[in-house]
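Next comes run-v7.txt, with compact mmCIF, C-alpha atoms.
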```
# COMPACT_ATOMS: atom_id res chain seq x y z
CA MET A 902 0.00 0.00 0.00
CA SER A 903 1.35 3.47 -0.83
CA GLY A 904 2.67 5.61 1.99
CA CYS A 905 0.16 8.49 1.92
CA THR A 906 -2.74 9.78 -0.12
CA TYR A 907 -1.21 13.24 -0.11
CA CYS A 908 2.07 11.94 -1.53
CA CYS A 909 0.63 9.88 -4.38
CA ASP A 910 0.06 12.79 -6.75
CA GLN A 911 3.60 14.13 -6.42
CA PRO A 912 5.60 14.09 -9.68
CA LYS A 913 8.13 11.32 -10.21
CA TRP A 914 11.50 12.42 -11.49
CA GLY A 915 12.75 8.98 -12.44
CA LEU A 916 16.49 8.29 -12.46
CA GLN A 917 17.54 11.76 -13.57
CA ARG A 918 16.24 14.80 -11.69
CA PRO A 919 16.33 18.14 -13.50
CA SER A 920 19.13 20.44 -12.44
CA ALA A 921 18.25 23.20 -10.00
CA SER A 922 18.55 25.82 -12.73
CA ARG A 923 16.09 23.99 -15.01
CA ARG A 924 13.78 22.58 -12.35
CA PRO A 925 10.32 24.24 -12.31
CA ARG A 926 9.67 26.21 -9.15
CA HIS A 927 6.63 24.12 -8.19
CA LEU A 928 8.80 20.97 -8.18
CA THR A 929 11.13 22.58 -5.66
CA VAL A 930 8.14 23.17 -3.37
CA VAL A 931 7.06 19.55 -3.75
CA ALA A 932 10.56 18.36 -2.95
CA VAL A 933 10.41 20.29 0.32
CA MET A 934 7.02 18.79 1.11
CA GLN A 935 8.49 15.31 0.80
CA THR A 936 10.45 15.95 4.00
CA LYS A 937 7.27 16.41 6.06
CA LYS A 938 6.68 13.81 8.73
CA ARG A 939 3.96 11.23 8.21
CA ILE A 940 1.32 11.14 10.91
CA VAL A 941 -1.46 8.63 11.51
CA PHE A 942 -4.34 10.00 13.59
CA LEU A 943 -6.49 7.76 15.80
CA GLY A 944 -9.74 8.90 17.42
CA THR A 945 -13.45 8.18 17.62
CA PRO A 946 -15.89 10.73 19.23
CA GLU A 947 -16.79 14.31 18.35
CA VAL A 948 -14.02 15.87 20.44
CA ALA A 949 -11.48 13.80 18.51
CA ALA A 950 -13.05 14.82 15.20
CA GLU A 951 -12.46 18.45 16.15
CA SER A 952 -8.81 17.64 16.92
CA LEU A 953 -8.47 15.95 13.53
CA GLN A 954 -9.91 18.99 11.77
CA THR A 955 -7.51 21.30 13.63
CA LEU A 956 -4.50 19.16 12.73
CA TYR A 957 -5.62 18.91 9.10
CA THR A 958 -6.05 22.68 8.88
CA HIS A 959 -2.54 23.07 10.26
CA THR A 960 -1.15 20.81 7.53
CA LYS A 961 -2.37 23.37 4.99
CA SER A 962 -0.38 26.18 6.57
CA GLY A 963 3.07 27.07 5.30
CA GLU A 964 4.64 26.32 8.68
CA SER A 965 3.37 22.75 8.98
CA LEU A 966 6.03 20.08 9.43
CA PHE A 967 3.70 17.11 8.98
CA GLN A 968 0.95 15.62 6.88
CA ILE A 969 -1.76 13.18 7.89
CA CYS A 970 -1.35 9.94 5.96
CA ALA A 971 -4.26 7.99 7.44
CA VAL A 972 -7.07 8.22 9.96
CA VAL A 973 -8.05 5.37 12.27
CA SER A 974 -11.36 5.11 14.13
CA GLN A 975 -13.47 2.49 15.81
CA PRO A 976 -16.06 0.87 13.53
CA GLY A 977 -19.38 2.64 13.19
CA LYS A 978 -22.43 1.28 14.97
CA PRO A 979 -26.05 0.95 13.82
CA ARG A 980 -28.43 3.59 15.16
CA GLY A 981 -32.18 3.82 15.17
CA ARG A 982 -34.81 1.21 14.50
CA GLY A 983 -34.49 -1.05 11.49
CA ASN A 984 -30.87 -0.07 10.81
CA LYS A 985 -29.11 -3.10 12.27
CA ASN A 986 -27.14 -3.68 9.09
CA MET A 987 -26.31 -0.02 8.41
CA PRO A 988 -23.57 1.20 10.76
CA VAL A 989 -23.27 4.96 11.13
CA PRO A 990 -19.71 6.29 10.80
CA THR A 991 -18.13 7.62 13.98
CA PRO A 992 -17.57 11.40 14.13
CA VAL A 993 -13.87 10.90 13.31
CA GLU A 994 -14.57 8.64 10.34
CA GLN A 995 -17.14 11.11 9.03
CA ALA A 996 -14.77 14.04 9.52
CA ALA A 997 -12.07 12.18 7.59
CA ARG A 998 -14.47 11.59 4.71
CA ASP A 999 -15.51 15.25 4.73
CA LEU A 1000 -11.85 16.28 4.61
CA GLY A 1001 -11.29 14.19 1.50
CA PHE A 1002 -9.47 11.14 2.82
CA GLY A 1003 -9.88 8.12 0.55
CA GLU A 1004 -11.22 4.70 1.48
CA ASP A 1005 -7.70 3.29 1.62
CA THR A 1006 -6.61 5.89 4.21
CA ILE A 1007 -9.57 5.57 6.59
CA LEU A 1008 -9.11 2.48 8.73
CA CYS A 1009 -11.74 1.13 11.16
CA PRO A 1010 -10.46 -2.10 12.70
CA THR A 1011 -12.50 -3.83 15.38
CA SER A 1012 -9.25 -4.32 17.28
CA ALA A 1013 -5.85 -2.69 16.89
CA LYS A 1014 -4.40 -6.20 17.25
CA GLU A 1015 -5.73 -7.29 13.84
CA GLU A 1016 -2.80 -8.39 11.69
CA SER A 1017 -4.35 -6.92 8.54
CA PHE A 1018 -4.56 -3.53 10.24
CA LEU A 1019 -1.00 -3.73 11.57
CA SER A 1020 0.24 -4.73 8.12
CA THR A 1021 -1.46 -1.71 6.57
CA LEU A 1022 0.02 0.53 9.25
CA ARG A 1023 3.52 -0.79 8.53
CA ASP A 1024 3.03 -0.07 4.83
CA LEU A 1025 2.11 3.53 5.69
CA GLN A 1026 5.48 3.93 7.46
CA PRO A 1027 4.26 6.62 9.87
CA ASP A 1028 6.85 8.69 11.67
CA LEU A 1029 4.40 9.41 14.50
CA CYS A 1030 0.95 8.31 15.62
CA ILE A 1031 -1.42 10.64 17.49
CA THR A 1032 -4.38 9.42 19.54
CA ALA A 1033 -7.32 11.40 20.88
CA ALA A 1034 -10.05 9.43 22.65
CA TYR A 1035 -9.54 6.47 20.31
CA GLY A 1036 -11.00 3.97 22.78
CA ASN A 1037 -9.16 0.81 21.72
CA MET A 1038 -6.15 -0.71 23.45
CA LEU A 1039 -2.94 -0.38 21.45
CA PRO A 1040 -0.72 -3.49 21.61
CA GLN A 1041 3.06 -3.39 21.61
CA SER A 1042 3.02 -4.57 18.00
CA PHE A 1043 1.30 -1.28 17.17
CA LEU A 1044 3.54 0.87 19.37
CA ASP A 1045 6.66 -0.54 17.72
CA ILE A 1046 5.68 0.76 14.27
CA PRO A 1047 5.96 4.60 14.37
CA GLN A 1048 9.61 5.63 14.53
CA LEU A 1049 8.95 8.59 16.84
CA GLY A 1050 6.37 6.83 19.01
CA THR A 1051 2.71 7.47 19.73
CA LEU A 1052 1.47 10.61 21.49
CA ASN A 1053 -1.88 10.83 23.25
CA ILE A 1054 -3.97 13.91 24.08
CA HIS A 1055 -5.29 13.17 27.56
CA PRO A 1056 -7.75 15.60 29.22
CA SER A 1057 -6.28 15.64 32.73
CA LEU A 1058 -3.10 16.58 34.55
CA LEU A 1059 -1.44 13.19 34.56
CA PRO A 1060 -0.85 11.18 36.69
CA LYS A 1061 -4.14 12.44 38.13
CA PHE A 1062 -7.29 10.95 36.63
CA ARG A 1063 -5.89 8.19 34.47
CA GLY A 1064 -8.56 6.05 32.90
CA ALA A 1065 -11.80 6.10 30.95
CA ALA A 1066 -13.49 9.17 32.49
CA PRO A 1067 -10.83 11.74 33.46
CA VAL A 1068 -12.92 14.85 32.92
CA GLN A 1069 -16.05 13.48 34.58
CA ARG A 1070 -14.19 12.23 37.64
CA ALA A 1071 -12.28 15.51 38.00
CA VAL A 1072 -15.55 17.46 37.91
CA GLN A 1073 -17.15 15.04 40.37
CA ALA A 1074 -14.17 15.43 42.72
CA GLY A 1075 -14.62 19.20 42.70
CA VAL A 1076 -10.96 19.97 41.94
CA ASP A 1077 -9.93 23.63 41.70
CA GLU A 1078 -7.53 23.03 38.83
CA THR A 1079 -7.51 20.77 35.81
CA GLY A 1080 -5.81 20.66 32.44
CA VAL A 1081 -4.57 18.54 29.56
CA SER A 1082 -1.50 16.39 28.99
CA VAL A 1083 0.32 15.28 25.87
CA ALA A 1084 1.95 11.99 26.82
CA TYR A 1085 3.66 9.07 25.14
CA THR A 1086 1.56 5.92 24.91
CA VAL A 1087 2.86 2.79 26.62
CA LEU A 1088 1.18 -0.54 27.32
CA ARG A 1089 -0.07 0.58 30.75
CA CYS A 1090 -3.11 2.82 30.48
CA ASP A 1091 -2.16 6.54 30.40
CA ALA A 1092 1.14 5.79 32.18
CA GLY A 1093 3.67 7.07 29.61
CA PRO A 1094 6.09 9.99 30.05
CA VAL A 1095 4.44 13.40 29.80
CA LEU A 1096 5.78 15.63 27.03
CA ALA A 1097 3.74 18.73 27.92
CA GLN A 1098 0.88 19.92 30.12
CA GLU A 1099 -1.36 22.98 30.26
CA LYS A 1100 -3.30 23.89 33.39
CA ILE A 1101 -6.55 25.82 33.72
CA ALA A 1102 -8.72 26.85 36.65
CA MET A 1103 -11.85 24.74 37.08
CA ASP A 1104 -15.08 26.64 36.50
CA PRO A 1105 -17.32 25.53 39.42
CA ASP A 1106 -20.40 25.46 37.17
CA ILE A 1107 -19.05 24.04 33.90
CA MET A 1108 -20.58 20.80 32.63
CA ALA A 1109 -18.30 17.87 31.82
CA PRO A 1110 -19.09 17.73 28.05
CA GLU A 1111 -18.21 21.43 27.68
CA LEU A 1112 -15.00 21.01 29.68
CA LEU A 1113 -14.06 17.94 27.64
CA SER A 1114 -14.29 19.92 24.39
CA GLN A 1115 -12.33 22.80 25.89
CA LEU A 1116 -9.51 20.53 27.04
CA PHE A 1117 -9.20 18.72 23.71
CA ARG A 1118 -8.99 22.07 21.92
CA LEU A 1119 -6.23 23.15 24.29
CA GLY A 1120 -4.52 19.77 23.99
CA THR A 1121 -4.45 19.84 20.20
CA GLN A 1122 -2.77 23.24 20.16
CA LEU A 1123 -0.37 22.08 22.89
CA LEU A 1124 0.52 19.07 20.75
CA ILE A 1125 1.16 21.20 17.65
CA ARG A 1126 3.47 23.52 19.61
CA ASN A 1127 5.54 20.58 20.84
CA LEU A 1128 5.77 18.60 17.60
CA PRO A 1129 8.99 20.29 16.33
CA ALA A 1130 10.93 18.91 19.31
CA VAL A 1131 9.46 15.46 18.67
CA TYR A 1132 10.48 15.60 14.99
CA GLU A 1133 14.00 16.54 16.07
CA GLY A 1134 14.12 13.35 18.12
CA ARG A 1135 14.11 15.16 21.48
CA GLY A 1136 10.62 14.20 22.58
CA LEU A 1137 11.48 11.37 24.96
CA GLU A 1138 14.41 13.37 26.30
CA LEU A 1139 12.09 16.25 27.22
CA ALA A 1140 9.24 14.06 28.53
CA THR A 1141 8.84 13.62 32.29
CA PRO A 1142 8.09 10.23 33.88
CA GLN A 1143 4.85 10.17 35.86
CA ASP A 1144 4.86 10.02 39.66
CA GLU A 1145 3.10 6.73 40.37
CA ALA A 1146 2.51 7.73 44.00
CA ALA A 1147 0.35 10.66 42.81
CA MET A 1148 -1.78 8.55 40.45
CA VAL A 1149 -5.58 8.96 40.67
CA HIS A 1150 -7.76 6.47 38.78
CA ALA A 1151 -10.73 7.75 36.75
CA ALA A 1152 -13.09 4.81 36.46
CA LYS A 1153 -15.73 4.59 33.76
CA LEU A 1154 -19.12 6.04 34.72
CA THR A 1155 -21.99 3.61 35.28
CA LYS A 1156 -25.76 4.02 35.28
CA GLU A 1157 -25.84 2.56 38.79
CA GLU A 1158 -24.07 5.69 40.06
CA SER A 1159 -26.54 8.16 38.57
CA ASN A 1160 -28.99 8.44 41.49
CA LEU A 1161 -28.74 11.52 43.73
CA ASP A 1162 -28.87 10.78 47.46
CA PHE A 1163 -29.84 13.99 49.27
CA THR A 1164 -29.63 12.38 52.70
CA SER A 1165 -25.95 11.43 52.55
CA CYS A 1166 -24.37 14.04 50.25
CA SER A 1167 -23.89 17.79 50.52
CA ALA A 1168 -25.31 20.20 47.95
CA THR A 1169 -21.78 20.79 46.63
CA ALA A 1170 -21.14 17.07 46.11
CA LEU A 1171 -24.47 16.65 44.31
CA HIS A 1172 -23.96 19.77 42.17
CA ASN A 1173 -20.57 18.38 41.10
CA LYS A 1174 -22.13 15.02 40.30
CA VAL A 1175 -24.85 16.61 38.14
CA ARG A 1176 -22.14 18.43 36.18
CA ALA A 1177 -19.91 15.36 35.91
CA PHE A 1178 -22.65 12.99 34.73
CA ALA A 1179 -24.18 15.45 32.25
CA GLY A 1180 -24.68 13.90 28.83
CA TRP A 1181 -24.35 10.26 29.92
CA PRO A 1182 -25.61 8.67 32.08
CA GLY A 1183 -27.18 11.79 33.63
CA THR A 1184 -28.37 12.09 37.23
CA THR A 1185 -31.76 11.12 38.61
CA ALA A 1186 -33.79 11.58 41.76
CA TYR A 1187 -36.89 9.84 43.07
CA ILE A 1188 -39.53 12.48 43.76
CA THR A 1189 -42.92 11.76 45.32
CA LEU A 1190 -45.85 13.73 43.87
CA GLU A 1191 -48.94 14.05 46.09
CA GLU A 1192 -52.38 15.20 44.98
CA GLU A 1193 -53.41 18.06 47.30
CA SER A 1194 -57.10 17.17 47.06
CA THR A 1195 -56.92 13.42 47.61
CA GLY A 1196 -53.51 12.75 49.14
CA LYS A 1197 -52.84 10.18 46.40
CA ARG A 1198 -49.11 9.69 45.85
CA GLU A 1199 -46.94 8.70 42.89
CA VAL A 1200 -43.18 8.24 42.81
CA GLN A 1201 -41.41 9.49 39.68
CA LYS A 1202 -37.80 9.04 38.61
CA ILE A 1203 -36.85 12.50 37.35
CA LYS A 1204 -33.63 13.52 35.67
CA ILE A 1205 -31.88 16.43 37.34
CA CYS A 1206 -30.15 18.28 34.50
CA SER A 1207 -28.88 21.57 35.91
CA THR A 1208 -28.31 22.84 39.44
CA ARG A 1209 -26.55 25.41 41.54
CA ILE A 1210 -25.69 25.71 45.20
CA VAL A 1211 -27.74 27.98 47.50
CA GLU A 1212 -25.18 29.89 49.49
CA ARG A 1213 -27.58 31.04 52.23
CA SER A 1214 -30.04 29.17 54.41
CA CYS A 1215 -32.98 28.03 52.36
CA SER A 1216 -35.36 29.44 54.98
CA GLU A 1217 -34.60 32.87 53.51
CA ASN A 1218 -36.11 31.66 50.22
CA HIS A 1219 -38.88 29.58 51.78
CA VAL A 1220 -42.12 29.54 49.89
CA GLU A 1221 -45.06 28.78 52.15
CA VAL A 1222 -47.16 25.81 51.03
CA PRO A 1223 -50.14 24.11 52.67
CA PRO A 1224 -49.13 21.26 55.02
CA SER A 1225 -49.41 17.72 53.76
CA ASN A 1226 -52.30 15.49 54.77
CA GLU A 1227 -49.69 13.35 56.47
CA ALA A 1228 -47.87 16.22 58.14
CA GLU A 1229 -48.12 16.38 61.88
CA GLU A 1230 -49.32 19.68 63.27
CA GLY A 1231 -46.37 21.98 63.94
CA SER A 1232 -43.91 19.67 62.19
CA SER A 1233 -42.03 22.47 60.42
CA ILE A 1234 -38.53 21.74 61.69
CA ASN A 1235 -34.88 21.95 60.84
CA ASN A 1236 -34.64 18.55 59.22
CA ASN A 1237 -31.63 16.37 59.89
CA ILE A 1238 -30.60 16.55 56.24
CA GLY A 1239 -30.49 20.32 56.02
CA SER A 1240 -31.07 23.66 57.69
CA LEU A 1241 -34.01 24.24 55.37
CA SER A 1242 -37.19 25.10 57.26
CA SER A 1243 -39.08 22.13 55.87
CA THR A 1244 -42.24 20.23 56.55
CA THR A 1245 -41.63 16.61 57.51
CA THR A 1246 -44.43 14.07 57.37
CA SER A 1247 -45.07 11.26 59.81
CA SER A 1248 -43.65 8.84 57.23
CA GLY A 1249 -40.37 10.74 57.14
CA SER A 1250 -40.84 12.50 53.79
CA VAL A 1251 -39.59 16.06 53.37
CA LEU A 1252 -41.86 18.56 51.63
CA LEU A 1253 -39.93 20.47 48.96
CA THR A 1254 -40.30 24.18 48.33
CA TRP A 1255 -40.01 26.51 45.36
CA GLY A 1256 -37.60 29.42 45.13
CA PRO A 1257 -38.54 32.98 44.09
CA SER A 1258 -37.97 32.13 40.39
CA ASP A 1259 -39.80 28.81 40.68
CA THR A 1260 -36.59 26.86 41.04
CA LEU A 1261 -36.82 23.72 43.13
CA LEU A 1262 -35.04 23.83 46.49
CA ILE A 1263 -33.87 20.52 47.97
CA PRO A 1264 -32.31 20.21 51.46
CA CYS A 1265 -29.11 18.16 51.56
CA LEU A 1266 -26.61 16.85 54.08
CA GLY A 1267 -25.03 19.30 56.52
CA GLY A 1268 -27.58 22.08 56.23
CA THR A 1269 -26.82 22.72 52.55
CA VAL A 1270 -29.39 23.35 49.84
CA LEU A 1271 -29.35 22.37 46.17
CA GLU A 1272 -31.25 24.60 43.76
CA VAL A 1273 -32.55 22.69 40.73
CA LEU A 1274 -32.87 24.67 37.50
CA LEU A 1275 -33.61 22.09 34.78
CA VAL A 1276 -35.34 18.72 35.00
CA GLN A 1277 -36.58 16.00 32.66
CA PRO A 1278 -39.72 14.17 33.83
CA PRO A 1279 -40.44 10.67 32.46
CA THR A 1280 -41.29 10.69 28.71
CA LYS A 1281 -40.78 14.48 28.57
CA LYS A 1282 -38.11 16.79 27.23
CA VAL A 1283 -35.73 18.79 29.40
CA MET A 1284 -37.57 21.77 30.89
CA THR A 1285 -37.14 24.54 33.42
CA THR A 1286 -38.44 23.88 36.92
CA LYS A 1287 -40.94 26.69 36.32
CA ASP A 1288 -42.47 24.74 33.41
CA PHE A 1289 -42.31 21.58 35.50
CA LYS A 1290 -44.19 23.32 38.31
CA ASN A 1291 -46.87 24.53 35.90
CA GLY A 1292 -47.36 20.96 34.69
CA ILE A 1293 -47.98 19.55 38.17
CA ARG A 1294 -50.44 22.12 39.53
CA GLY A 1295 -52.30 20.84 42.52
CA LYS A 1296 -49.48 18.53 43.60
CA ARG A 1297 -46.86 18.69 46.33
CA LEU A 1298 -43.34 17.30 46.01
CA TYR A 1299 -41.51 15.21 48.56
CA ILE A 1300 -38.22 13.39 48.97
CA THR A 1301 -37.60 10.63 51.49
CA ALA A 1302 -35.48 11.74 54.44
```
Entire entry expressed as structure tokens:
Amino acid sequence: MSGCTYCCDQPKWGLQRPSASRRPRHLTVVAVMQTKKRIVFLGTPEVAAESLQTLYTHTKSGESLFQICAVVSQPGKPRGRGNKNMPVPTPVEQAARDLGFGEDTILCPTSAKEESFLSTLRDLQPDLCITAAYGNMLPQSFLDIPQLGTLNIHPSLLPKFRGAAPVQRAVQAGVDETGVSVAYTVLRCDAGPVLAQEKIAMDPDIMAPELLSQLFRLGTQLLIRNLPAVYEGRGLELATPQDEAAMVHAAKLTKEESNLDFTSCSATALHNKVRAFAGWPGTTAYITLEEESTGKREVQKIKICSTRIVERSCSENHVEVPPSNEAEEGSSINNNIGSLSSTTTSSGSVLLTWGPSDTLLIPCLGGTVLEVLLVQPPTKKVMTTKDFKNGIRGKRLYITA
């Protein structure tokens, strides 16, 4: 297989090259281009597609020292009903097609261990491989192919938050500082020497998907700035080994973690979890709805999509509501899960209140209060809590203490 799509249309001079005085000027330019390093890009999701587009745009600039010879992505998957036999290309595969890469330079192996894939990669003779959220394990047989190694854009300050969900776990942990690393890939997950890092302050209200995109944009530019040293063969010399004692693991998110427990977590911890789990799998809460007229109750699993922390005691924002049929007379108390002046029923449920802008106020551990801004009821679209309130007129809301 030929080395690179973007090299195939270069003129062949045969055994005798024209002398410099007779050589057309455009051939001199092409001769210079032949010295550019070959790069193979590996990635799968939307954030990686954006990195690919940035790198490709850079190859078109006069200062670029590389060209992208092939793009590797995970195989597409079927989506929607009745499309089991029609896989949809991943964002990276689609971006490669849109950028004009040919079928022979877009590779989608099920596993990077496939011998046919490795054979194709060897034929490409890449100087360097770049990965961005590729999602497949790279065996040593892969890592041995590129002469200058494989560099990975990792959205955390390694060795902190190694693993499948670095951004989400950093947001969930409530760290004050985060960033992106460009590191060499080794067999151990995210454990290679770090070539470069860029730090940023953590926005206390940013959602994980937005932060993920921001970090990959920063990481791609950081990579481009450090490529000249890599091409000079100084990359490994400049890279810093990771401190294993400082390693923090970032485990993959699971649906089982998505429930919000107001009785055992502070408002800050829950706010961070809502931000971290945004997109997938999301965060949910079990809310009891009670008919004011009949006392009939129904428990709903509601997605909590956007929140903020109430800095002052919720009693300052308390909205008076009629007591529940179950509420004991004079049972407005400082509940054990918060300093919110709340009505507690004989069954231990806590009556929720609405803020001045019809936001939902939920008491949490340690006297803290979580203000809910956006929710998604079952079978409904995401909506403001004001719209949610309008849709449940005549009902009270409770959580279990």
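Proximity of A:Glu1191, A:Glu1272, A:Asp1259, A:Glu1212 to Thr1285 (chain A), computed with only C-alpha atoms, is greatest for A:Asp1259.
Of the residues listed (A:Ile1107, A:Ala1147, A:Leu1119, A:Val941), A:Val941 shows the shortest atom-to-atom separation from Thr1051 (chain A); distances use all atoms listed in the file.
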Query raised in the report: So how many Å separate CA of Pro1027 (chain A) and CA of Ile969 (chain A), to one decimal?
Result: 9.1 Å
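Candidate residues A:Cys1206, A:Leu1124, A:Ile1007, A:Val1273 were compared for distance to Thr955 (chain A), and the nearest is A:Leu1124, using only C-alpha atoms.
Here CA of Ala1097 (chain A) and CA of Arg1070 (chain A) stand 21.4 Å from one another.
Using only C-alpha atoms, the contacts of Ile1031 (chain A) at a cut-off of 8 Å, with sequence neighbours closer than 4 positions omitted, comprise Ile940, Val941, Phe942, Leu943, Thr1051, Leu1052, Asn1053 and Ile1054 of chain A.
Straight-line separation from CA of Ser1207 (chain A) to CA of Leu1171 (chain A): 10.7 Å.
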**Report entry** Selection: 10 Å around Gly1120 (chain A), all atoms listed in the file, excl. self and same-chain fewer than 6 positions, as an MDAnalysis selection string
**Finding:** chainID A and resid 952 1033 1053:1057 1080:1083 1097:1099 1114 1126
Query raised in the report: In terms of the shortest atom-to-atom distance over only C-alpha atoms, which of A:Leu1025, A:Phe1043, A:Gly944, A:Ser1012 is closest to Pro992 (chain A)?
Result: A:Gly944
Using only C-alpha atoms, find each residue in region 1107-1203 of chain A having at least one atom no more than 8 Å away from region 1261-1267 of chain A; report its shortest atom-to-atom pair and that distance in Å (one decimal), rows by chain then rising number, as JSON lines.
```
{"residue": "A:Phe1163", "atom": "CA", "partner": "A:Cys1265", "partner_atom": "CA", "distance": 4.8}
{"residue": "A:Thr1164", "atom": "CA", "partner": "A:Leu1266", "partner_atom": "CA", "distance": 5.6}
{"residue": "A:Ser1165", "atom": "CA", "partner": "A:Leu1266", "partner_atom": "CA", "distance": 5.7}
{"residue": "A:Cys1166", "atom": "CA", "partner": "A:Leu1266", "partner_atom": "CA", "distance": 5.3}
{"residue": "A:Ser1167", "atom": "CA", "partner": "A:Leu1266", "partner_atom": "CA", "distance": 4.6}
{"residue": "A:Ala1168", "atom": "CA", "partner": "A:Cys1265", "partner_atom": "CA", "distance": 5.6}
```
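Comparing A:Arg939, A:Lys1202, A:Lys1296, A:Lys1061 by their smallest distance to Ala1152 (chain A), the closest is A:Lys1061 (using all atoms listed in the file).
In terms of minimum interatomic distance to Met1038 (chain A), A:Asp1091 ranks closest within A:Asp1091, A:Gly1001, A:Val1072, A:Asp1104, counting all atoms listed in the file.
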Pull out region 1249-1269 of chain A, keep C-alpha atoms, and write it as a compact mmCIF listing (two decimals), in the first residue's frame.
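Once everything was written out, this is result16.txt:
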```
# COMPACT_ATOMS: atom_id res chain seq x y z
CA GLY A 1249 -40.37 10.74 57.14
CA SER A 1250 -40.84 12.50 53.79
CA VAL A 1251 -39.59 16.06 53.37
CA LEU A 1252 -41.86 18.56 51.63
CA LEU A 1253 -39.93 20.47 48.96
CA THR A 1254 -40.30 24.18 48.33
CA TRP A 1255 -40.01 26.51 45.36
CA GLY A 1256 -37.60 29.42 45.13
CA PRO A 1257 -38.54 32.98 44.09
CA SER A 1258 -37.97 32.13 40.39
CA ASP A 1259 -39.80 28.81 40.68
CA THR A 1260 -36.59 26.86 41.04
CA LEU A 1261 -36.82 23.72 43.13
CA LEU A 1262 -35.04 23.83 46.49
CA ILE A 1263 -33.87 20.52 47.97
CA PRO A 1264 -32.31 20.21 51.46
CA CYS A 1265 -29.11 18.16 51.56
CA LEU A 1266 -26.61 16.85 54.08
CA GLY A 1267 -25.03 19.30 56.52
CA GLY A 1268 -27.58 22.08 56.23
CA THR A 1269 -26.82 22.72 52.55
```
